[in-house]
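**Q** The structure file model.csv (CSV, C-alpha atoms) is provided below.
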```csv
chain,number,residue,atom,x,y,z
A,105,MET,CA,-37.3,-23.9,-109.1
A,106,ILE,CA,-41.1,-23.8,-108.8
A,107,THR,CA,-40.9,-21.0,-106.4
A,108,ALA,CA,-38.7,-19.0,-108.7
A,109,TYR,CA,-41.2,-19.5,-111.6
A,110,MET,CA,-44.1,-18.4,-109.4
A,111,LYS,CA,-42.3,-15.2,-108.4
A,112,TYR,CA,-41.5,-14.6,-112.1
A,113,TYR,CA,-45.1,-14.9,-113.1
A,114,GLN,CA,-46.3,-12.8,-110.1
A,115,ILE,CA,-43.9,-10.0,-111.2
A,116,LEU,CA,-45.1,-10.4,-114.8
A,117,LEU,CA,-48.7,-10.2,-113.8
A,118,LEU,CA,-48.1,-7.2,-111.7
A,119,MET,CA,-46.4,-5.5,-114.6
A,120,LEU,CA,-49.3,-6.3,-116.9
A,121,VAL,CA,-51.8,-4.9,-114.3
A,122,CYS,CA,-49.9,-1.7,-113.9
A,123,SER,CA,-49.6,-1.3,-117.7
A,124,PHE,CA,-53.3,-1.9,-118.1
A,125,ASN,CA,-54.2,0.6,-115.4
A,126,ALA,CA,-51.9,3.2,-117.0
A,127,GLN,CA,-53.4,2.6,-120.4
A,128,SER,CA,-56.9,2.8,-118.9
A,129,GLN,CA,-56.1,6.1,-117.3
A,130,ARG,CA,-54.7,7.5,-120.5
A,131,LEU,CA,-57.8,6.3,-122.4
A,132,ARG,CA,-60.1,7.8,-119.7
A,133,ASP,CA,-58.2,11.1,-119.9
A,134,LYS,CA,-58.5,11.1,-123.7
A,135,ILE,CA,-62.2,10.3,-123.5
A,136,LEU,CA,-62.7,13.1,-121.0
A,137,ASP,CA,-60.6,15.5,-123.1
A,138,ASN,CA,-62.6,14.8,-126.2
A,139,THR,CA,-66.2,14.3,-125.2
A,140,LEU,CA,-66.9,15.7,-121.7
A,141,LEU,CA,-64.6,18.7,-121.8
A,142,TYR,CA,-65.1,19.9,-125.4
A,143,PRO,CA,-68.9,19.9,-126.0
A,144,LYS,CA,-69.8,19.8,-129.7
A,145,GLN,CA,-73.6,19.8,-129.2
A,146,TYR,CA,-75.6,22.2,-127.0
A,147,GLY,CA,-78.7,21.5,-125.0
A,148,THR,CA,-81.7,23.8,-124.5
A,149,PHE,CA,-82.8,23.0,-121.0
A,150,GLU,CA,-85.3,20.5,-122.4
A,151,ASN,CA,-87.8,19.2,-119.7
A,152,TYR,CA,-86.7,21.8,-117.2
A,153,GLU,CA,-89.2,23.7,-115.1
A,154,PHE,CA,-88.8,27.5,-115.2
A,155,ILE,CA,-89.6,29.5,-112.0
A,156,LEU,CA,-89.7,33.3,-112.3
A,157,ASN,CA,-90.2,35.3,-109.1
A,158,GLY,CA,-91.6,32.2,-107.4
A,159,ALA,CA,-94.1,31.3,-110.1
A,160,HIS,CA,-94.1,28.7,-112.9
A,161,ILE,CA,-93.7,30.0,-116.4
A,162,GLU,CA,-93.2,28.4,-119.8
A,163,LYS,CA,-89.8,28.7,-121.3
A,164,ASP,CA,-90.9,30.9,-124.2
A,165,GLU,CA,-92.4,33.4,-121.7
A,166,LEU,CA,-88.9,34.6,-120.8
A,167,LEU,CA,-89.1,36.8,-123.9
A,168,ASN,CA,-91.6,38.9,-122.0
A,169,TYR,CA,-89.2,39.7,-119.1
A,170,PRO,CA,-86.3,41.7,-120.4
A,171,GLU,CA,-84.8,42.2,-116.9
A,172,ALA,CA,-85.0,38.5,-115.8
A,173,THR,CA,-81.7,37.1,-114.5
A,174,PHE,CA,-80.6,33.7,-113.2
A,175,GLY,CA,-80.8,32.8,-109.6
A,176,ARG,CA,-79.9,29.1,-109.5
A,177,VAL,CA,-80.4,25.8,-111.3
A,178,PHE,CA,-80.3,22.1,-110.3
A,179,ASP,CA,-81.6,18.9,-111.7
A,180,TYR,CA,-84.2,16.4,-110.4
A,181,ASN,CA,-82.2,13.2,-111.2
A,182,ARG,CA,-82.8,12.0,-107.7
A,183,GLU,CA,-86.5,12.4,-108.0
A,184,PRO,CA,-87.6,10.0,-110.8
A,185,LYS,CA,-91.3,10.7,-110.1
A,186,SER,CA,-91.0,14.3,-111.2
A,187,LYS,CA,-92.0,15.1,-114.8
A,188,TYR,CA,-89.2,17.6,-115.0
A,189,GLN,CA,-85.5,16.9,-115.4
A,190,GLY,CA,-84.6,20.0,-113.4
A,191,VAL,CA,-85.5,23.5,-112.4
A,192,LEU,CA,-84.3,27.0,-113.2
A,193,TYR,CA,-85.0,29.8,-110.8
A,194,LEU,CA,-85.0,33.3,-112.3
A,195,HIS,CA,-85.9,36.7,-110.9
A,196,THR,CA,-86.4,40.3,-111.9
A,197,PRO,CA,-84.7,43.2,-110.0
A,198,TRP,CA,-87.7,43.8,-107.7
A,199,TYR,CA,-87.8,40.2,-106.6
A,200,PRO,CA,-85.2,38.8,-104.1
A,201,PRO,CA,-82.7,36.5,-105.8
A,202,SER,CA,-82.9,32.8,-104.7
A,203,PRO,CA,-80.6,32.2,-103.1
A,204,ALA,CA,-78.6,35.4,-102.4
A,205,ASP,CA,-74.9,35.1,-103.0
A,206,GLN,CA,-73.5,33.9,-99.7
A,207,HIS,CA,-70.4,36.0,-100.1
A,208,VAL,CA,-72.0,39.2,-101.5
A,209,ASP,CA,-71.1,41.3,-98.5
A,210,ASP,CA,-67.5,40.0,-98.3
A,211,PRO,CA,-64.6,42.5,-98.6
A,212,ALA,CA,-62.5,42.6,-101.7
A,213,TYR,CA,-59.8,39.9,-101.7
A,214,PHE,CA,-56.3,40.1,-103.1
A,215,VAL,CA,-53.6,37.3,-103.4
A,216,ASN,CA,-50.2,38.7,-104.0
A,217,ASN,CA,-51.8,42.0,-105.1
A,218,ILE,CA,-54.1,40.3,-107.6
A,219,GLN,CA,-57.8,40.5,-106.9
A,220,VAL,CA,-59.6,37.2,-106.7
A,221,SER,CA,-63.2,36.1,-105.9
A,222,PRO,CA,-64.4,35.0,-102.4
A,223,TYR,CA,-64.4,31.4,-103.7
A,224,ALA,CA,-60.8,31.7,-104.9
A,225,ILE,CA,-59.5,33.0,-101.6
A,226,ARG,CA,-61.1,30.0,-99.9
A,227,SER,CA,-59.1,27.7,-102.1
A,228,THR,CA,-55.7,29.1,-101.1
A,229,LEU,CA,-53.3,27.4,-98.7
A,230,VAL,CA,-53.3,29.4,-95.5
A,231,GLU,CA,-50.3,27.4,-94.4
A,232,GLU,CA,-48.3,29.2,-97.1
A,233,TYR,CA,-49.4,32.7,-96.0
A,234,THR,CA,-46.6,35.1,-95.0
A,235,THR,CA,-48.7,38.1,-94.1
A,236,ILE,CA,-52.3,39.3,-94.1
A,237,ARG,CA,-53.3,42.9,-94.3
A,238,ARG,CA,-56.9,44.2,-93.8
A,239,SER,CA,-58.4,47.6,-94.6
A,240,GLU,CA,-61.7,48.8,-93.3
A,241,GLN,CA,-62.0,51.5,-95.9
A,242,ASP,CA,-64.7,51.0,-98.6
A,243,THR,CA,-63.3,50.2,-102.0
A,244,LEU,CA,-64.8,50.8,-105.4
A,245,ILE,CA,-63.6,48.3,-108.0
A,246,ASP,CA,-65.2,47.8,-111.5
A,247,GLY,CA,-68.5,49.2,-110.4
A,248,ILE,CA,-68.7,47.3,-107.1
A,249,VAL,CA,-68.4,48.9,-103.7
A,250,TYR,CA,-66.6,46.5,-101.3
A,251,GLU,CA,-66.8,47.0,-97.6
A,252,GLY,CA,-63.1,46.9,-97.0
A,253,SER,CA,-60.4,44.7,-98.4
A,254,ILE,CA,-58.1,41.8,-97.4
A,255,HIS,CA,-54.6,41.4,-98.9
A,256,VAL,CA,-52.9,38.1,-98.6
A,257,ASP,CA,-49.2,37.6,-99.3
A,258,THR,CA,-48.3,33.9,-99.8
A,259,ASP,CA,-45.5,31.7,-100.8
A,260,GLU,CA,-48.0,29.5,-102.7
A,261,ASP,CA,-47.7,29.9,-106.5
A,262,PHE,CA,-51.5,30.2,-106.6
A,263,PHE,CA,-51.8,31.4,-110.2
A,264,SER,CA,-49.5,28.9,-111.8
A,265,ASN,CA,-51.9,26.0,-112.0
A,266,ARG,CA,-55.2,27.8,-112.3
A,267,MET,CA,-57.1,29.4,-115.1
A,268,THR,CA,-59.7,32.2,-115.0
A,269,ILE,CA,-63.3,31.5,-116.2
A,270,PRO,CA,-62.6,33.5,-119.4
A,271,GLU,CA,-59.7,31.3,-120.2
A,272,ILE,CA,-61.6,28.1,-119.4
A,273,VAL,CA,-64.6,29.2,-121.5
A,274,LYS,CA,-62.3,30.1,-124.4
A,275,LYS,CA,-60.4,26.8,-124.2
A,276,TYR,CA,-63.3,24.4,-123.9
A,277,THR,CA,-66.2,26.2,-125.7
A,278,GLY,CA,-64.8,29.1,-127.8
A,279,LEU,CA,-68.0,31.0,-127.0
A,280,PRO,CA,-68.1,34.8,-126.8
A,281,LEU,CA,-67.9,35.7,-123.1
A,282,GLU,CA,-70.5,38.5,-123.3
A,283,ASN,CA,-73.1,35.9,-124.1
A,284,VAL,CA,-72.1,33.4,-121.4
A,285,ILE,CA,-73.5,32.6,-118.0
A,286,VAL,CA,-71.4,30.1,-115.9
A,287,HIS,CA,-72.7,27.5,-113.5
A,288,TRP,CA,-69.7,26.3,-111.5
A,289,ARG,CA,-70.6,23.3,-109.3
A,290,ASP,CA,-69.6,19.9,-107.9
A,291,ARG,CA,-70.6,16.6,-109.4
A,292,TYR,CA,-73.1,16.1,-106.6
A,293,TRP,CA,-75.6,18.8,-106.5
A,294,ASP,CA,-79.1,19.4,-105.2
A,295,ALA,CA,-81.2,22.2,-103.6
A,296,LEU,CA,-78.8,22.5,-100.7
A,297,ASN,CA,-75.7,22.4,-102.9
A,298,PRO,CA,-76.6,24.1,-106.1
A,299,GLY,CA,-73.2,25.5,-107.0
A,300,VAL,CA,-72.7,29.2,-107.9
A,301,ILE,CA,-74.0,31.2,-110.8
A,302,VAL,CA,-71.3,33.5,-112.3
A,303,GLN,CA,-72.7,36.2,-114.6
A,304,ASP,CA,-70.0,38.9,-114.5
A,305,HIS,CA,-66.5,39.7,-113.1
A,306,PHE,CA,-65.4,36.4,-114.6
A,307,PRO,CA,-61.6,37.1,-114.3
A,308,LEU,CA,-61.8,37.0,-110.5
A,309,TYR,CA,-62.6,33.3,-110.5
A,310,TYR,CA,-59.6,31.0,-110.6
A,311,ILE,CA,-60.1,27.3,-111.2
A,312,ASN,CA,-57.7,24.4,-111.5
A,313,PRO,CA,-58.5,22.8,-114.8
A,314,LYS,CA,-57.2,19.4,-113.5
A,315,GLY,CA,-60.4,19.3,-111.4
A,316,LEU,CA,-62.8,19.8,-114.3
A,317,GLU,CA,-64.8,16.6,-115.0
A,318,GLU,CA,-67.3,17.9,-117.5
A,319,VAL,CA,-68.2,21.0,-119.5
A,320,LYS,CA,-71.7,21.2,-120.8
A,321,VAL,CA,-73.5,24.0,-122.6
A,322,ASP,CA,-77.2,24.8,-122.7
A,323,ARG,CA,-78.7,27.6,-124.8
A,324,ILE,CA,-81.5,29.8,-123.6
A,325,ARG,CA,-83.3,32.7,-125.2
A,326,PHE,CA,-83.8,35.8,-123.1
A,327,ALA,CA,-85.6,39.0,-124.3
A,328,GLU,CA,-82.3,40.6,-125.3
A,329,GLY,CA,-81.1,37.5,-127.2
A,330,GLU,CA,-79.8,34.0,-126.8
A,331,ARG,CA,-77.4,33.2,-124.0
A,332,TYR,CA,-75.1,30.3,-123.4
A,333,PHE,CA,-75.3,28.6,-120.1
A,334,VAL,CA,-71.9,26.8,-119.4
A,335,HIS,CA,-71.9,24.2,-116.7
A,336,LEU,CA,-68.5,23.6,-115.2
A,337,VAL,CA,-68.6,20.3,-113.3
A,338,ASP,CA,-65.5,20.6,-111.1
A,339,LYS,CA,-64.3,18.3,-108.3
A,340,GLY,CA,-62.4,21.4,-107.0
A,341,TYR,CA,-65.6,23.3,-106.2
A,342,GLN,CA,-65.6,23.2,-102.4
A,343,TYR,CA,-68.9,22.8,-100.8
A,344,ARG,CA,-68.3,20.5,-97.9
A,345,ASN,CA,-65.4,21.7,-95.8
A,346,LEU,CA,-63.3,18.5,-95.6
A,347,THR,CA,-59.6,18.2,-95.0
A,348,GLU,CA,-57.4,16.1,-97.3
A,349,LYS,CA,-57.6,13.2,-94.8
A,350,GLY,CA,-61.4,13.3,-95.1
A,351,TRP,CA,-62.2,14.2,-91.5
A,352,GLU,CA,-65.3,16.3,-91.1
A,353,THR,CA,-63.5,19.5,-90.1
A,354,SER,CA,-63.2,22.8,-91.9
A,355,GLN,CA,-60.2,23.5,-94.0
A,356,LYS,CA,-58.1,26.3,-92.6
A,357,ASN,CA,-59.1,28.8,-95.3
A,358,PHE,CA,-62.8,28.4,-94.5
A,359,THR,CA,-62.0,28.7,-90.8
A,360,VAL,CA,-60.2,32.0,-91.4
A,361,PHE,CA,-62.7,33.5,-93.9
A,362,ASP,CA,-65.9,32.2,-92.2
A,363,HIS,CA,-66.1,35.7,-90.6
A,364,PRO,CA,-63.6,37.7,-92.6
A,365,ARG,CA,-63.9,40.9,-90.6
A,366,ASP,CA,-63.5,39.2,-87.2
A,367,PHE,CA,-60.2,37.2,-87.3
A,368,ASP,CA,-57.0,38.9,-86.2
A,369,PRO,CA,-54.6,39.3,-89.3
A,370,LYS,CA,-51.6,39.0,-86.9
A,371,ALA,CA,-52.9,35.7,-85.5
A,372,PRO,CA,-55.4,34.3,-88.0
A,373,CYS,CA,-55.9,30.9,-86.5
A,374,TYR,CA,-55.3,31.8,-82.9
A,375,LYS,CA,-58.4,31.8,-80.6
A,376,ALA,CA,-57.6,33.9,-77.6
A,377,ASP,CA,-60.9,33.4,-75.8
A,378,PHE,CA,-61.5,29.6,-76.3
A,379,ASP,CA,-62.9,28.0,-73.1
A,380,ILE,CA,-61.2,24.7,-72.3
A,381,VAL,CA,-63.2,24.0,-69.1
A,382,GLY,CA,-64.5,20.5,-69.3
A,383,LYS,CA,-62.7,19.6,-72.5
A,384,ASP,CA,-60.9,16.3,-72.9
A,385,ILE,CA,-57.4,17.5,-73.8
A,386,ARG,CA,-54.9,14.8,-74.9
A,387,ASN,CA,-51.1,14.8,-74.9
A,388,ARG,CA,-50.7,11.6,-76.9
A,389,ALA,CA,-52.7,10.6,-80.0
A,390,GLN,CA,-52.5,8.3,-83.0
A,391,GLY,CA,-52.0,11.3,-85.2
A,392,GLU,CA,-50.4,14.3,-83.4
A,393,PRO,CA,-50.3,17.9,-84.6
A,394,GLU,CA,-47.4,19.0,-86.7
A,395,PRO,CA,-46.6,21.8,-89.1
A,396,SER,CA,-48.3,20.8,-92.4
A,397,LEU,CA,-45.4,21.8,-94.5
A,398,GLY,CA,-42.7,20.3,-92.3
A,399,GLU,CA,-40.7,21.6,-89.4
A,400,ALA,CA,-38.0,23.2,-91.5
A,401,ALA,CA,-40.5,25.3,-93.4
A,402,TYR,CA,-42.2,26.2,-90.1
A,403,LEU,CA,-38.9,27.4,-88.6
A,404,LYS,CA,-38.2,29.4,-91.8
A,405,LYS,CA,-41.5,31.2,-91.5
A,406,LEU,CA,-40.9,32.0,-87.8
A,407,SER,CA,-37.5,33.3,-88.7
A,408,ALA,CA,-38.9,35.6,-91.4
A,409,ASN,CA,-41.6,36.9,-89.1
A,410,MET,CA,-38.9,37.6,-86.4
A,411,GLY,CA,-36.8,39.5,-88.9
A,412,LEU,CA,-34.0,37.0,-89.0
A,413,SER,CA,-31.9,37.0,-92.2
A,414,ALA,CA,-31.5,33.8,-94.1
A,415,ASP,CA,-27.8,34.5,-94.5
A,416,GLN,CA,-26.3,35.3,-91.2
A,417,PRO,CA,-22.7,36.4,-90.9
A,418,GLN,CA,-20.3,33.9,-89.3
A,419,ALA,CA,-19.8,34.9,-85.7
A,420,GLU,CA,-19.4,33.3,-82.3
A,421,THR,CA,-22.8,32.4,-81.0
A,422,THR,CA,-24.3,30.6,-78.0
A,423,ARG,CA,-27.1,28.1,-78.0
A,424,ASP,CA,-30.4,28.7,-76.1
A,425,SER,CA,-34.0,27.5,-76.2
A,426,ILE,CA,-37.5,28.4,-75.4
A,427,LEU,CA,-40.2,25.9,-74.2
A,428,VAL,CA,-43.7,26.8,-75.3
A,429,GLN,CA,-47.0,25.0,-75.0
A,430,PHE,CA,-50.5,25.5,-76.6
A,431,ILE,CA,-53.6,23.6,-77.3
A,432,VAL,CA,-54.5,22.5,-80.9
A,433,LEU,CA,-58.2,22.5,-81.5
A,434,HIS,CA,-60.3,20.2,-83.7
A,435,GLU,CA,-59.9,22.4,-86.8
A,436,GLY,CA,-56.1,22.9,-86.3
A,437,GLN,CA,-56.5,26.3,-84.7
A,438,ILE,CA,-54.5,26.9,-81.5
A,439,THR,CA,-55.2,28.6,-78.2
A,440,ARG,CA,-53.6,29.1,-74.7
A,441,LEU,CA,-50.1,29.8,-76.0
A,442,GLU,CA,-47.6,30.4,-73.3
A,443,SER,CA,-43.9,30.1,-72.6
A,444,SER,CA,-42.7,27.8,-69.7
A,445,SER,CA,-39.1,29.1,-69.9
A,446,PRO,CA,-37.7,31.8,-67.7
A,447,GLN,CA,-38.8,35.0,-69.4
A,448,LYS,CA,-36.4,36.9,-71.6
A,449,PRO,CA,-37.2,40.0,-73.8
A,450,VAL,CA,-36.7,38.0,-77.0
A,451,HIS,CA,-39.4,35.5,-76.0
A,452,ALA,CA,-42.2,37.9,-76.9
A,453,LYS,CA,-41.0,37.7,-80.6
A,454,PHE,CA,-41.3,33.9,-80.4
A,455,LEU,CA,-44.9,34.0,-79.1
A,456,GLN,CA,-46.0,36.6,-81.7
A,457,ALA,CA,-44.4,34.6,-84.5
A,458,ILE,CA,-46.1,31.4,-83.4
A,459,LYS,CA,-49.5,33.2,-83.3
A,460,GLN,CA,-48.9,34.8,-86.8
A,461,HIS,CA,-48.3,31.3,-88.2
A,462,SER,CA,-51.0,29.5,-86.2
A,463,CYS,CA,-52.6,28.1,-89.3
A,464,VAL,CA,-49.9,25.6,-90.1
A,465,TRP,CA,-50.9,23.0,-87.5
A,466,THR,CA,-52.7,19.8,-88.4
A,467,ALA,CA,-55.4,18.5,-86.1
A,468,ALA,CA,-54.8,15.6,-83.7
A,469,TRP,CA,-56.9,12.5,-84.5
A,470,GLU,CA,-57.5,9.0,-83.3
A,471,ASN,CA,-59.9,6.4,-84.8
A,472,ARG,CA,-61.0,8.9,-87.5
A,473,ARG,CA,-62.0,11.4,-84.8
A,474,THR,CA,-60.3,14.8,-84.1
A,475,LEU,CA,-59.1,15.6,-80.7
A,476,TYR,CA,-58.1,18.5,-78.5
A,477,PHE,CA,-54.3,18.2,-78.0
A,478,LYS,CA,-51.8,19.9,-75.8
A,479,ARG,CA,-48.6,20.5,-77.8
A,480,LYS,CA,-45.4,21.2,-76.0
A,481,MET,CA,-42.2,22.0,-78.0
A,482,VAL,CA,-38.7,23.4,-77.5
A,483,ILE,CA,-37.3,25.7,-80.1
A,484,PHE,CA,-33.5,25.8,-80.1
A,485,TYR,CA,-31.9,29.0,-81.3
A,486,SER,CA,-28.5,30.7,-81.5
A,487,GLU,CA,-27.7,34.2,-80.3
A,488,ASP,CA,-24.7,36.5,-80.5
A,489,ASN,CA,-22.8,38.0,-77.6
A,490,LYS,CA,-25.2,40.9,-77.4
A,491,GLY,CA,-28.2,38.6,-76.9
A,492,ASN,CA,-29.6,39.0,-80.4
A,493,ILE,CA,-31.2,35.9,-82.0
A,494,VAL,CA,-29.1,34.9,-85.0
A,495,SER,CA,-30.9,31.8,-86.2
A,496,LEU,CA,-33.6,29.2,-85.3
A,497,ASP,CA,-31.9,25.9,-85.4
A,498,SER,CA,-34.4,23.1,-84.6
A,499,LEU,CA,-37.5,22.1,-82.6
A,500,GLU,CA,-38.3,19.1,-80.5
A,501,TYR,CA,-41.6,18.0,-78.9
A,502,ARG,CA,-42.1,17.4,-75.2
A,503,TYR,CA,-44.7,15.4,-73.4
A,504,ASP,CA,-46.3,15.3,-70.0
A,505,ASP,CA,-45.3,12.4,-67.8
A,506,HIS,CA,-49.0,11.7,-66.8
A,507,LEU,CA,-51.9,10.3,-68.7
A,508,PRO,CA,-54.3,12.5,-70.9
A,509,VAL,CA,-55.9,15.2,-68.8
A,510,SER,CA,-59.2,17.1,-68.8
```
Let me see the structure of the file written as structure tokens.

**A**
Amino acid sequence: MITAYMKYYQILLLMLVCSFNAQSQRLRDKILDNTLLYPKQYGTFENYEFILNGAHIEKDELLNYPEATFGRVFDYNREPKSKYQGVLYLHTPWYPPSPADQHVDDPAYFVNNIQVSPYAIRSTLVEEYTTIRRSEQDTLIDGIVYEGSIHVDTDEDFFSNRMTIPEIVKKYTGLPLENVIVHWRDRYWDALNPGVIVQDHFPLYYINPKGLEEVKVDRIRFAEGERYFVHLVDKGYQYRNLTEKGWETSQKNFTVFDHPRDFDPKAPCYKADFDIVGKDIRNRAQGEPEPSLGEAAYLKKLSANMGLSADQPQAETTRDSILVQFIVLHEGQITRLESSSPQKPVHAKFLQAIKQHSCVWTAAWENRRTLYFKRKMVIFYSEDNKGNIVSLDSLEYRYDDHLPVS
């Protein structure tokens, strides 16, 4: 009887704790919604140091520089000895911006035929890509000459849960966009992680509003008039390239677009020239590589790449398979892809499809450390009496009989 009462009270206590946590979360969301995301009062960069073209100026002196524009801004909260709360860097056209936009020389980016910013393309899920097309031809768009363009087709509904900067500014501040400068940043910021200043082409920036933690507004008077400086504090602003598991390894989109003119669009995460000499390559691990969206979705992508129809006519088929192996690198890229099965003409399609969808693999890990891993797998498929592949049916992993090799 006593045991039954104890279980009853334990369940009751658990229900109360869950209810309290849910109410606390709703209260937190309400507070965020009302006070941090909808500013009613605007600051004026009080106690900030102003640096123009590398030299200190007083705030009011900005009126004497009609061509002055923002370079960057960050606070001094971690330096209590400083008499300033933060610093604003500005420059005129003849003075180099500080820092220069790290993606200023990138090509134009398009997701499902809609142009996006270099930051937006780096927040897409490359695992969902179906095709990538690249053009080397210079492209003039809205007054900017881009050195080439990259078009991504993806199954991800990228635009469904994101808002553009104009939409965000309108929703949270109601300010006229022509008088707005946006500072999009992470909560943790300093001289090495200052965020990005956005002064034009706002519609190219897509941000998930669920990641917004705070919206602040400062007013500042330039020679041409007052401007509003909107700070978007966003946990979705990606500065450190971490995976969802927290390992210190680049996300796939950063890996692909680190050098956007160098990767092979037909094999975006395949490294053909990776040197494995002297590398510790495992074939067993605590966390082993697998398609990030599941094996069924992976086979569906391979099928689409190989031109297989989702609805095959009913016909007599025979079952066959192909054994392939490749090495998964620390960032989930793959290399050394080869078939261990007797060669057939259709096998070339398999290898190309695996390269095309090389970005889907998770990295191997053990004790919070990523590893090099040799992945062997058998793909079972059906073919008709003419030897044409009808469907991809399943895959199974295979392992070497011996211990991890180097």

**Q** Report as a list in words all protein, DNA and RNA residues lying within 6 Å of Asp242 (chain A), evaluated on only C-alpha atoms, omitting residues in the same chain fewer than 6 positions from it.

**A**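 These residues fall inside the cut-off: Tyr250, Glu251 and Gly252 of chain A.
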
**Q** Taking all atoms listed in the file into account, name the residue in A:Ile438, A:Val432, A:Leu281, A:Leu229 that is nearest to Glu392 (chain A).

**A**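 Ranking A:Ile438, A:Val432, A:Leu281, A:Leu229 by distance to Glu392 (chain A), first place goes to A:Val432.
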
**Q** Ranking A:Arg502, A:Val360, A:Glu399, A:His461 by minimum distance to Leu427 (chain A) and counting only C-alpha atoms, which one comes first?

**A**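 Going through A:Arg502, A:Val360, A:Glu399, A:His461 one by one, the smallest distance to Leu427 (chain A) is for A:Arg502.
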
**Q** Between A:Pro200, A:Gly411, A:Pro393, A:Gly329, which residue has the minimum interatomic distance to Leu433 (chain A), considering all atoms listed in the file?

**A**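 Counting all atoms listed in the file, the residue closest to Leu433 (chain A) is A:Pro393.
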
**Q** Measuring atom to atom with all atoms listed in the file, identify which of A:Leu279, A:Leu499, A:Val220, A:Ile324 is nearest to Lys163 (chain A).

**A**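 Among the listed residues, A:Ile324 lies closest to Lys163 (chain A).
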
**Q** Would you kindly identify which residues have an atom no farther than 10 Å from (-64.6, 28.3, -102.6), using all atoms listed in the file and the file's own coordinates, and write them out as a list of chain:residue names?

**A** A:His207, A:Ser221, A:Pro222, A:Tyr223, A:Ala224, A:Ile225, A:Arg226, A:Ser227, A:Thr228, A:Val300, A:Tyr309, A:Tyr310, A:Ile311, A:Gly340, A:Tyr341, A:Gln342, A:Tyr343, A:Arg344, A:Asn345, A:Asn357, A:Phe358

**Q** When distances are computed from all atoms listed in the file, which of A:Ile218, A:Met410, A:Ala159, A:Cys373 shows the smallest separation from Gln456 (chain A)?

**A**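 That would be A:Met410, the residue with the smallest distance to Gln456 (chain A).
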
**Q** Name the closest residue to Tyr374 (chain A) among the candidates A:Ala400, A:Ala327, A:Leu296, A:Val464; distances are taken between atoms, counting all atoms listed in the file.

**A**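 Result for the nearest residue to Tyr374 (chain A): A:Val464.
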
**Q** Pick out the residues sitting within 8 Å of Arg325 (chain A), and hand them over as a PyMOL selection string; count all atoms listed in the file, and ignore anything fewer than 3 positions along from it in its own chain.

**A** chain A and resi 164+166-167+328-331

**Q** Output C-alpha atoms for every residue in that selection, as an mmCIF file, keeping the file's coordinate frame.

**A**
```cif
data_model
loop_
_atom_site.group_PDB
_atom_site.id
_atom_site.type_symbol
_atom_site.label_atom_id
_atom_site.label_comp_id
_atom_site.auth_asym_id
_atom_site.auth_seq_id
_atom_site.Cartn_x
_atom_site.Cartn_y
_atom_site.Cartn_z
ATOM 1 C CA ASP A 164 -90.900 30.900 -124.200
ATOM 2 C CA LEU A 166 -88.900 34.600 -120.800
ATOM 3 C CA LEU A 167 -89.100 36.800 -123.900
ATOM 4 C CA GLU A 328 -82.300 40.600 -125.300
ATOM 5 C CA GLY A 329 -81.100 37.500 -127.200
ATOM 6 C CA GLU A 330 -79.800 34.000 -126.800
ATOM 7 C CA ARG A 331 -77.400 33.200 -124.000
#
```

**Q** So which residues touch Phe149 (chain A) within 9 Å, counting only C-alpha atoms, skipping near sequence neighbours fewer than 5 positions away, as JSON, numbers by chain?

**A** {"A": [189, 190, 192, 322, 323, 324]}

**Q** Would you mind listing what lies within 8 Å of region 262-277 of chain A as an MDAnalysis selection string, with only C-alpha atoms counted and same-chain residues fewer than 6 positions away left out?

**A** chainID A and resid 141:143 228 306:313 319 334

**Q** Env of Ser425 (chain A): 8 Å cut, atoms = only C-alpha atoms, seq-sep filter 5 positions within chain, self excluded. Answer as a list in words.

**A** Val482, Ile483, Phe484 and Tyr485 of chain A

**Q** Could you please determine the separation between CA of Gly158 (chain A) and CA of Leu336 (chain A) in Å, to one decimal place?

**A**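 Going from CA of Gly158 (chain A) over to CA of Leu336 (chain A), I get 25.9 Å.
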
**Q** How many Å lie between CA of Arg479 (chain A) and CA of Asp259 (chain A), rounded to one decimal?

**A**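 Answer for the CA of Arg479 (chain A) to CA of Asp259 (chain A) separation: 25.8 Å.
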
**Q** Can you measure CA of Tyr332 (chain A) to CA of Gln303 (chain A) for me? One decimal in Å is fine.

**A**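 Here the two named atoms are 10.9 Å from each other.
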